[in-house]
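Undergrad: Input structure: protein.txt, which contains compact mmCIF, C-alpha atoms.
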# COMPACT_ATOMS: atom_id res chain seq x y z
CA MET A 29 89.86 86.79 164.92
CA ASN A 30 86.84 86.35 162.65
CA ALA A 31 86.85 86.27 158.83
CA SER A 32 85.97 89.96 158.51
CA GLU A 33 88.81 91.01 160.80
CA ARG A 34 91.19 88.71 158.94
CA GLU A 35 90.14 90.27 155.65
CA PHE A 36 90.56 93.78 157.12
CA SER A 37 94.05 92.86 158.26
CA MET A 38 94.98 91.52 154.82
CA SER A 39 93.62 94.44 152.83
CA PHE A 40 95.12 96.91 155.36
CA ARG A 41 98.58 95.44 154.82
CA PHE A 42 98.14 95.18 151.06
CA SER A 43 96.97 98.79 150.76
CA GLY A 44 100.00 99.90 152.79
CA LEU A 45 102.28 97.98 150.43
CA LEU A 46 100.61 99.53 147.36
CA LEU A 47 100.98 103.02 148.84
CA ILE A 48 104.66 102.52 149.70
CA ILE A 49 105.38 101.33 146.14
CA GLY A 50 103.39 104.26 144.69
CA LEU A 51 105.23 106.80 146.86
CA CYS A 52 108.60 105.25 145.95
CA ILE A 53 107.72 105.53 142.25
CA GLU A 54 106.81 109.19 142.82
CA ALA A 55 110.12 109.84 144.61
CA ILE A 56 112.11 108.16 141.80
CA THR A 57 110.30 109.97 138.97
CA LEU A 58 110.73 113.34 140.70
CA ASN A 59 114.50 112.88 140.33
CA TRP A 60 114.26 112.63 136.54
CA ILE A 61 113.21 115.46 134.20
CA HIS A 62 111.90 113.55 131.18
CA PRO A 63 108.47 112.90 129.62
CA ILE A 64 108.80 109.20 130.50
CA ALA A 65 109.17 110.19 134.18
CA PHE A 66 105.87 112.04 133.98
CA ILE A 67 104.13 109.08 132.35
CA ALA A 68 105.63 106.64 134.88
CA PHE A 69 104.48 108.87 137.73
CA PHE A 70 101.03 109.47 136.32
CA VAL A 71 100.20 105.97 135.11
CA ILE A 72 102.14 103.56 137.34
CA GLY A 73 102.54 105.71 140.46
CA GLY A 74 98.98 107.00 140.21
CA LEU A 75 97.66 103.46 139.81
CA PHE A 76 99.45 102.24 142.94
CA LEU A 77 98.49 105.30 145.00
CA GLY A 78 94.87 105.23 143.85
CA ALA A 79 94.55 101.48 144.41
CA GLY A 80 96.19 101.78 147.84
CA VAL A 81 93.89 104.56 149.04
CA LEU A 82 90.75 102.88 147.64
CA LEU A 83 91.67 99.52 149.15
CA PHE A 84 92.24 101.18 152.54
CA LEU A 85 88.88 102.96 152.37
CA TYR A 86 87.21 99.72 151.25
CA SER A 87 88.73 97.77 154.13
CA VAL A 88 87.68 100.44 156.65
CA LEU A 89 84.13 100.74 155.29
CA PHE A 90 83.30 97.11 154.56
CA HIS A 91 85.32 95.04 157.03
CA SER A 92 85.40 95.14 160.79
CA PRO A 93 88.58 96.60 162.18
CA PRO A 94 90.08 94.64 165.12
CA PRO A 95 88.53 95.34 168.55
CA SER A 96 90.24 97.96 170.66
CA SER A 97 91.74 95.40 172.99
CA GLY A 98 92.90 93.03 170.30
CA ASN A 99 95.99 92.92 168.15
CA LEU A 100 96.37 92.17 164.48
CA PRO A 101 98.44 89.07 163.71
CA GLY A 102 102.13 89.68 163.48
CA ASN A 103 102.28 92.09 166.44
CA MET B 29 114.99 128.01 152.91
CA PRO B 30 114.14 124.62 151.33
CA GLY B 31 112.20 124.70 148.08
CA PRO B 32 108.83 123.07 147.47
CA THR B 33 110.47 119.99 145.91
CA ALA B 34 112.62 119.44 149.00
CA ILE B 35 109.54 119.77 151.21
CA LEU B 36 107.71 117.26 148.99
CA PHE B 37 110.59 114.79 149.39
CA VAL B 38 110.43 115.23 153.18
CA LEU B 39 106.67 114.63 153.05
CA LEU B 40 107.16 111.53 150.89
CA GLY B 41 109.76 110.17 153.32
CA THR B 42 107.58 110.93 156.33
CA THR B 43 104.57 109.21 154.74
CA ILE B 44 106.58 106.10 153.85
CA VAL B 45 108.03 105.89 157.38
CA LEU B 46 104.56 106.34 158.86
CA LEU B 47 103.17 103.59 156.62
CA VAL B 48 105.99 101.20 157.57
CA VAL B 49 105.40 101.91 161.27
CA MET B 50 101.64 101.36 160.88
CA LEU B 51 102.22 98.09 159.01
CA ALA B 52 104.78 96.87 161.55
CA HIS B 53 102.53 97.80 164.48
CA ALA B 54 99.03 97.35 163.11
CA SER B 55 97.68 97.14 166.65
CA LEU B 56 98.08 100.92 166.78
CA THR B 57 94.89 101.17 164.75
CA ALA B 58 92.93 99.72 167.68
CA THR B 59 92.98 103.05 169.53
CA PRO B 60 91.04 106.15 168.37
CA ALA B 61 94.29 108.09 167.96
CA GLY B 62 95.74 105.20 165.97
CA LYS B 63 92.72 105.21 163.67
CA ILE B 64 93.24 108.91 162.96
CA LEU B 65 96.94 108.26 162.35
CA ALA B 66 96.07 105.40 159.97
CA PHE B 67 93.62 107.63 158.11
CA LEU B 68 96.37 110.25 157.75
CA ALA B 69 99.02 107.74 156.66
CA PHE B 70 96.84 105.67 154.33
CA CYS B 71 94.57 108.34 152.88
CA VAL B 72 95.29 112.03 153.52
CA LEU B 73 99.09 112.08 153.10
CA PRO B 74 99.25 109.82 149.98
CA ILE B 75 96.56 111.92 148.26
CA LEU B 76 98.42 115.11 149.22
CA CYS B 77 101.73 113.64 147.97
CA GLY B 78 100.05 112.48 144.75
CA PHE B 79 98.54 115.84 143.86
CA TRP B 80 101.66 117.73 144.92
CA GLY B 81 103.75 115.37 142.78
CA LEU B 82 101.41 115.93 139.84
CA TYR B 83 101.77 119.71 140.26
CA GLU B 84 105.57 119.37 140.43
CA HIS B 85 105.65 117.23 137.28
CA LEU B 86 103.41 119.68 135.42
CA GLU B 87 105.64 122.59 136.45
CA ARG B 88 108.75 120.65 135.35
CA SER B 89 107.16 119.97 131.99
CA LYS B 90 107.46 123.73 131.30
CA GLN B 91 111.23 123.62 131.58
CA THR B 92 113.39 123.97 128.48
CA SER B 93 115.46 120.97 129.62
CA PHE B 94 112.27 118.85 129.74
CA CYS B 95 111.41 119.63 126.10
CA LEU B 96 114.98 119.10 124.97
CA SER B 97 115.31 115.77 126.79
CA CYS B 98 113.86 114.11 123.67
CA HIS B 99 116.50 113.51 121.00
CA ILE B 100 114.26 114.79 118.22
CA MET B 101 114.16 118.24 119.85
CA GLU B 102 117.94 118.74 119.98
CA PRO B 103 118.28 120.90 116.84
CA TYR B 104 115.44 123.10 118.10
CA GLY B 105 117.36 123.62 121.35
CA GLN B 106 120.51 124.44 119.38
CA SER B 107 118.57 127.00 117.34
CA LEU B 108 118.22 129.09 120.50
CA TYR B 109 121.96 129.75 120.31
CA VAL B 110 122.16 130.83 116.65
CA ASN B 111 124.26 133.96 116.35
CA ASP B 112 121.81 135.80 114.12
CA PRO B 113 119.13 138.20 115.41
CA ALA B 114 116.91 137.33 112.45
CA TYR B 115 116.23 133.95 114.11
CA ILE B 116 113.16 134.78 116.17
CA PRO B 117 113.55 132.06 118.88
CA ALA B 118 117.28 132.85 119.27
CA ALA B 119 116.65 136.60 119.55
CA HIS B 120 114.00 136.03 122.20
CA PHE B 121 116.07 133.48 124.16
CA GLN B 122 119.41 135.28 124.07
CA ASN B 123 117.97 138.67 125.01
CA HIS B 124 115.83 137.25 127.84
CA ARG B 125 112.59 138.38 126.23
CA ILE B 126 111.37 134.99 127.41
CA PRO B 127 112.51 133.11 130.55
CA ALA B 128 115.49 131.01 129.47
CA ASP B 129 114.44 128.05 131.61
CA GLU B 130 110.91 128.02 130.11
CA ALA B 131 111.81 129.09 126.58
CA CYS B 132 109.82 126.46 124.63
CA TYR B 133 106.76 126.68 126.85
CA THR B 134 106.56 130.47 126.78
CA CYS B 135 106.16 130.63 123.00
CA HIS B 136 104.45 127.28 122.40
CA THR B 137 101.79 127.37 125.09
CA ASP B 138 98.25 128.36 124.28
CA TYR B 139 97.30 131.71 125.82
CA ALA B 140 93.59 130.98 125.81
CA MET B 141 91.09 129.63 128.29
CA TYR B 142 91.98 125.95 128.99
CA GLY B 143 95.07 126.52 126.81
CA THR B 144 97.39 125.01 129.41
CA ILE B 145 95.31 121.82 129.47
CA ARG B 146 95.29 121.74 125.66
CA VAL B 147 99.10 122.00 125.43
CA LYS B 148 99.51 119.28 128.08
CA LEU B 149 97.30 117.02 125.98
CA HIS B 150 99.45 117.91 122.96
CA GLY B 151 102.46 116.92 125.07
CA LEU B 152 100.91 113.50 125.75
CA ARG B 153 100.33 113.17 122.01
CA HIS B 154 104.02 113.99 121.39
CA ILE B 155 105.01 111.16 123.75
CA TYR B 156 102.60 108.74 122.10
CA VAL B 157 103.94 109.57 118.62
CA GLN B 158 107.55 109.43 119.83
CA TYR B 159 107.28 105.95 121.35
CA PHE B 160 104.37 104.26 119.57
CA GLY B 161 104.15 106.04 116.24
CA THR B 162 106.36 107.64 113.62
CA PRO B 163 107.41 111.22 114.37
CA MET B 164 107.02 113.71 111.51
CA ASN B 165 110.23 114.41 109.64
CA PRO B 166 110.78 117.33 109.83
CA ILE B 167 108.50 117.86 112.80
CA HIS B 168 105.98 120.67 112.55
CA LEU B 169 103.16 122.15 114.61
CA TYR B 170 99.78 120.39 114.66
CA ASP B 171 98.07 123.71 113.90
CA PRO B 172 99.36 126.94 112.31
CA TYR B 173 101.11 129.17 114.84
CA ASN B 174 98.57 131.52 116.35
CA ASN B 175 99.46 135.25 116.44
CA ARG B 176 97.77 135.35 119.84
CA GLU B 177 100.91 133.80 121.39
CA CYS B 178 103.04 136.69 120.02
CA LEU B 179 100.52 139.36 120.94
CA HIS B 180 100.30 138.02 124.49
CA CYS B 181 103.57 139.86 125.17
CA HIS B 182 104.00 142.23 122.23
CA ALA B 183 100.55 143.82 122.09
CA GLY B 184 100.77 147.17 123.82
CA ALA B 185 104.57 147.13 123.90
CA ARG B 186 106.19 150.37 122.68
CA SER B 187 108.49 148.50 120.29
CA PHE B 188 105.44 146.89 118.68
CA GLU B 189 103.58 150.16 118.14
CA ASN B 190 105.14 151.14 114.84
CA ASP B 191 103.30 152.22 111.70
CA THR B 192 103.51 148.80 110.00
CA HIS B 193 102.10 146.86 112.95
CA MET B 194 99.39 149.43 113.62
CA ALA B 195 98.26 149.45 109.99
CA LEU B 196 97.96 145.66 109.99
CA LEU B 197 96.79 145.16 113.55
CA ASP B 198 93.28 143.97 112.71
CA GLN B 199 94.58 141.39 110.25
CA ILE B 200 97.25 140.28 112.75
CA LYS B 201 94.68 139.90 115.54
CA ALA B 202 92.37 137.94 113.25
CA ASN B 203 95.23 135.64 112.15
CA GLN B 204 94.63 136.66 108.54
CA LEU B 205 98.25 137.69 108.42
CA SER B 206 100.70 135.43 110.24
CA CYS B 207 103.53 137.07 112.20
CA ILE B 208 105.90 134.27 111.27
CA SER B 209 104.85 132.98 107.87
CA SER B 210 103.73 136.03 105.93
CA GLY B 211 107.20 137.27 105.12
CA CYS B 212 107.74 139.57 108.12
CA HIS B 213 109.41 137.44 110.83
CA ASP B 214 109.82 134.20 108.94
CA THR B 215 113.19 132.95 110.18
CA ILE B 216 112.24 130.61 112.97
CA HIS B 217 114.11 127.48 114.16
CA ASN B 218 115.37 126.32 110.72
CA ALA B 219 116.40 123.09 112.42
CA ALA B 220 117.28 121.36 109.16
CA SER B 221 120.18 123.74 108.51
CA ILE B 222 121.28 124.26 112.10
CA ASP B 223 124.76 122.82 111.45
CA LYS B 224 125.46 125.47 108.81
CA VAL B 225 125.00 128.56 110.98
CA LYS B 226 127.29 130.34 113.44
CA MET B 227 126.48 129.79 117.12
CA TRP B 228 126.53 132.19 120.04
CA ARG B 229 128.55 131.06 123.06
CA PRO B 230 127.23 132.68 126.25
CA GLN B 231 129.98 134.03 128.53
CA GLU B 232 129.79 132.79 132.11
Spit out the file's structure as structure tokens when you get a sec.

TA:
Amino acid sequence: MNASEREFSMSFRFSGLLLIIGLCIEAITLNWIHPIAFIAFFVIGGLFLGAGVLLFLYSVLFHSPPPSSGNLPGN
Amino acid sequence: MPGPTAILFVLLGTTIVLLVVMLAHASLTATPAGKILAFLAFCVLPILCGFWGLYEHLERSKQTSFCLSCHIMEPYGQSLYVNDPAYIPAAHFQNHRIPADEACYTCHTDYAMYGTIRVKLHGLRHIYVQYFGTPMNPIHLYDPYNNRECLHCHAGARSFENDTHMALLDQIKANQLSCISSGCHDTIHNAASIDKVKMWRPQE
């Protein structure tokens, strides 16, 4: 695995983590009818979701994904 | 049939499960189908969930319970139950002239182009003042109440078309004469004296 693939793997995992946290924040705030819930969703949840999606797109566009025959570490 | 919120929760759960699976088996992205799945799980579905969640939150912010969830608004919520038809908000709320679950929003929104956006920005300002500033005591509107919000429903209604309203219609439309502060319908929330008035108890 070269440096670009390693970086893709890292940012892929990190973006997934950011998205899961963002989606969990969204699920929690949707259970609470209060202005703070809206702010938490919009600011914190939106930040995690936006960062997760952008990091994924960045990793796809600027780093080489693993070759079709290869596996990412940890599989 | 499940409501839109339930469907959103299912979508959120599905997206999280899909993300966990993709992270646990990252080798799936090596195949063309896996790449499409990754694009869905990491891009399309989170964006969809985000915008749907935003829509849900904006819709919830119209609810009476949302407005009354702040302590400072409690007397205004109580004023909807005053047992006196002279209280304009109470008369509207109790007689279902406005939707009971969107009572505050119906009268305090801005029935103009981009009005919804303007009231949402006002809402953000309320939150800022509540948590980082000093709320007004007693609280009052940022701008004088616009007759347009009353006329949105009342204009053209048979009960509105009496001699008094018709004679003053131009002044009412031009906001030269306020519906609520020119001596005609001037009993509004009166939150400061809410503990001195008789309350209406709705029968289940």

Undergrad: Measuring atom to atom with only C-alpha atoms, identify which of A:Leu46, A:Phe40, A:Arg34, A:Phe90 is nearest to Leu77 in chain A.

TA: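 Ranked by minimum distance to Leu77 in chain A, first place goes to A:Leu46.
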
Undergrad: Mind checking which residues fall within 6 Å of range 47-59 of chain A, counting all atoms listed in the file, ignoring those fewer than 6 positions away in the same chain, and posting them as a list in words?

TA: Ala65, Phe69, Gly73, Phe76, Leu77 and Gly80 of chain A; Ile44 of chain B

Undergrad: Could you list, as a PyMOL selection string, every residue of chain B that has an atom within 8 Å of an atom of chain A, counting only C-alpha atoms?

TA: chain B and resi 37+40+44+47-48+51-55+58-59+70-71+74-75+77-78+81-82+84-85+88-89+93-95+97-98+155

Undergrad: Could you write out the selected residues, including C-alpha atoms, as a compact mmCIF listing (two decimals), in the coordinates of the input?

TA:
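What follows is the written file result-v1.txt:
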# COMPACT_ATOMS: atom_id res chain seq x y z
CA PHE B 37 110.59 114.79 149.39
CA LEU B 40 107.16 111.53 150.89
CA ILE B 44 106.58 106.10 153.85
CA LEU B 47 103.17 103.59 156.62
CA VAL B 48 105.99 101.20 157.57
CA LEU B 51 102.22 98.09 159.01
CA ALA B 52 104.78 96.87 161.55
CA HIS B 53 102.53 97.80 164.48
CA ALA B 54 99.03 97.35 163.11
CA SER B 55 97.68 97.14 166.65
CA ALA B 58 92.93 99.72 167.68
CA THR B 59 92.98 103.05 169.53
CA PHE B 70 96.84 105.67 154.33
CA CYS B 71 94.57 108.34 152.88
CA PRO B 74 99.25 109.82 149.98
CA ILE B 75 96.56 111.92 148.26
CA CYS B 77 101.73 113.64 147.97
CA GLY B 78 100.05 112.48 144.75
CA GLY B 81 103.75 115.37 142.78
CA LEU B 82 101.41 115.93 139.84
CA GLU B 84 105.57 119.37 140.43
CA HIS B 85 105.65 117.23 137.28
CA ARG B 88 108.75 120.65 135.35
CA SER B 89 107.16 119.97 131.99
CA SER B 93 115.46 120.97 129.62
CA PHE B 94 112.27 118.85 129.74
CA CYS B 95 111.41 119.63 126.10
CA SER B 97 115.31 115.77 126.79
CA CYS B 98 113.86 114.11 123.67
CA ILE B 155 105.01 111.16 123.75

Undergrad: Report as lines of an AutoDock Vina configuration file the centre and the edge lengths, in Å to one decimal, of the axis-aligned box holding every listed atom of range 35-42 of chain A, padded by 5 Å on each side.

TA:
center_x = 94.4
center_y = 93.6
center_z = 154.7
size_x = 18.4
size_y = 16.6
size_z = 17.2

Undergrad: In Å, rounded to a single decimal, give me how far CA of Ala128 in chain B is from CA of Gln106 in chain B.

TA: 13.0 Å

Undergrad: Separation of CA of Lys226 in chain B and CA of Asp112 in chain B, in Å?

TA: 7.8 Å

Undergrad: So that each row is one residue of range 31-112 of chain B with an atom at most 8 Å from range 132-153 of chain B, can you give its shortest atom pair and the distance in Å to one decimal, using all atoms listed in the file, rows by chain and rising number, as JSON lines?

TA:
{"residue": "B:Lys90", "atom": "CA", "partner": "B:Tyr133", "partner_atom": "CA", "distance": 5.4}
{"residue": "B:Gln91", "atom": "CA", "partner": "B:Tyr133", "partner_atom": "CA", "distance": 7.2}
{"residue": "B:Thr92", "atom": "CA", "partner": "B:Cys132", "partner_atom": "CA", "distance": 5.8}
{"residue": "B:Cys95", "atom": "CA", "partner": "B:Cys132", "partner_atom": "CA", "distance": 7.2}

Undergrad: Please save C-alpha atoms of the selected residues as a short mmCIF file (atom, residue, chain, number, x, y, z; two decimals), in the frame of the given file.

TA:
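Writing the result to selection_9.cif gives the following:
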data_model
loop_
_atom_site.label_atom_id
_atom_site.label_comp_id
_atom_site.auth_asym_id
_atom_site.auth_seq_id
_atom_site.Cartn_x
_atom_site.Cartn_y
_atom_site.Cartn_z
CA LYS B 90 107.46 123.73 131.30
CA GLN B 91 111.23 123.62 131.58
CA THR B 92 113.39 123.97 128.48
CA CYS B 95 111.41 119.63 126.10
#

Undergrad: Report, in Å with one decimal, the straight-line distance from CA of Gln231 in chain B to CA of Ser187 in chain B.

TA: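 CA of Ser187 in chain B lies 27.2 Å from CA of Gln231 in chain B.
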
Undergrad: Name all residues at most 10 Å from Asp214 in chain B (count all atoms listed in the file; drop same-chain ones fewer than 5 positions away) and give them as a VMD selection string.

TA: chain B and resid 114 to 116 206 to 209

Undergrad: Show which residues sit within 9 Å of range 160-172 of chain B, as number ranges by chain. Count all atoms listed in the file, and ignore same-chain residues fewer than 2 positions away.

TA: B: 100, 150, 154-158, 174, 206, 219-220

Undergrad: Emit the selected residues as a PDB file, in the coordinates of the input, including C-alpha atoms.

TA:
ATOM      1  CA  ILE B 100     114.260 114.790 118.220  1.00  0.00           C
ATOM      2  CA  HIS B 150      99.450 117.910 122.960  1.00  0.00           C
ATOM      3  CA  HIS B 154     104.020 113.990 121.390  1.00  0.00           C
ATOM      4  CA  ILE B 155     105.010 111.160 123.750  1.00  0.00           C
ATOM      5  CA  TYR B 156     102.600 108.740 122.100  1.00  0.00           C
ATOM      6  CA  VAL B 157     103.940 109.570 118.620  1.00  0.00           C
ATOM      7  CA  GLN B 158     107.550 109.430 119.830  1.00  0.00           C
ATOM      8  CA  ASN B 174      98.570 131.520 116.350  1.00  0.00           C
ATOM      9  CA  SER B 206     100.700 135.430 110.240  1.00  0.00           C
ATOM     10  CA  ALA B 219     116.400 123.090 112.420  1.00  0.00           C
ATOM     11  CA  ALA B 220     117.280 121.360 109.160  1.00  0.00           C
TER      12      ALA B 220
END
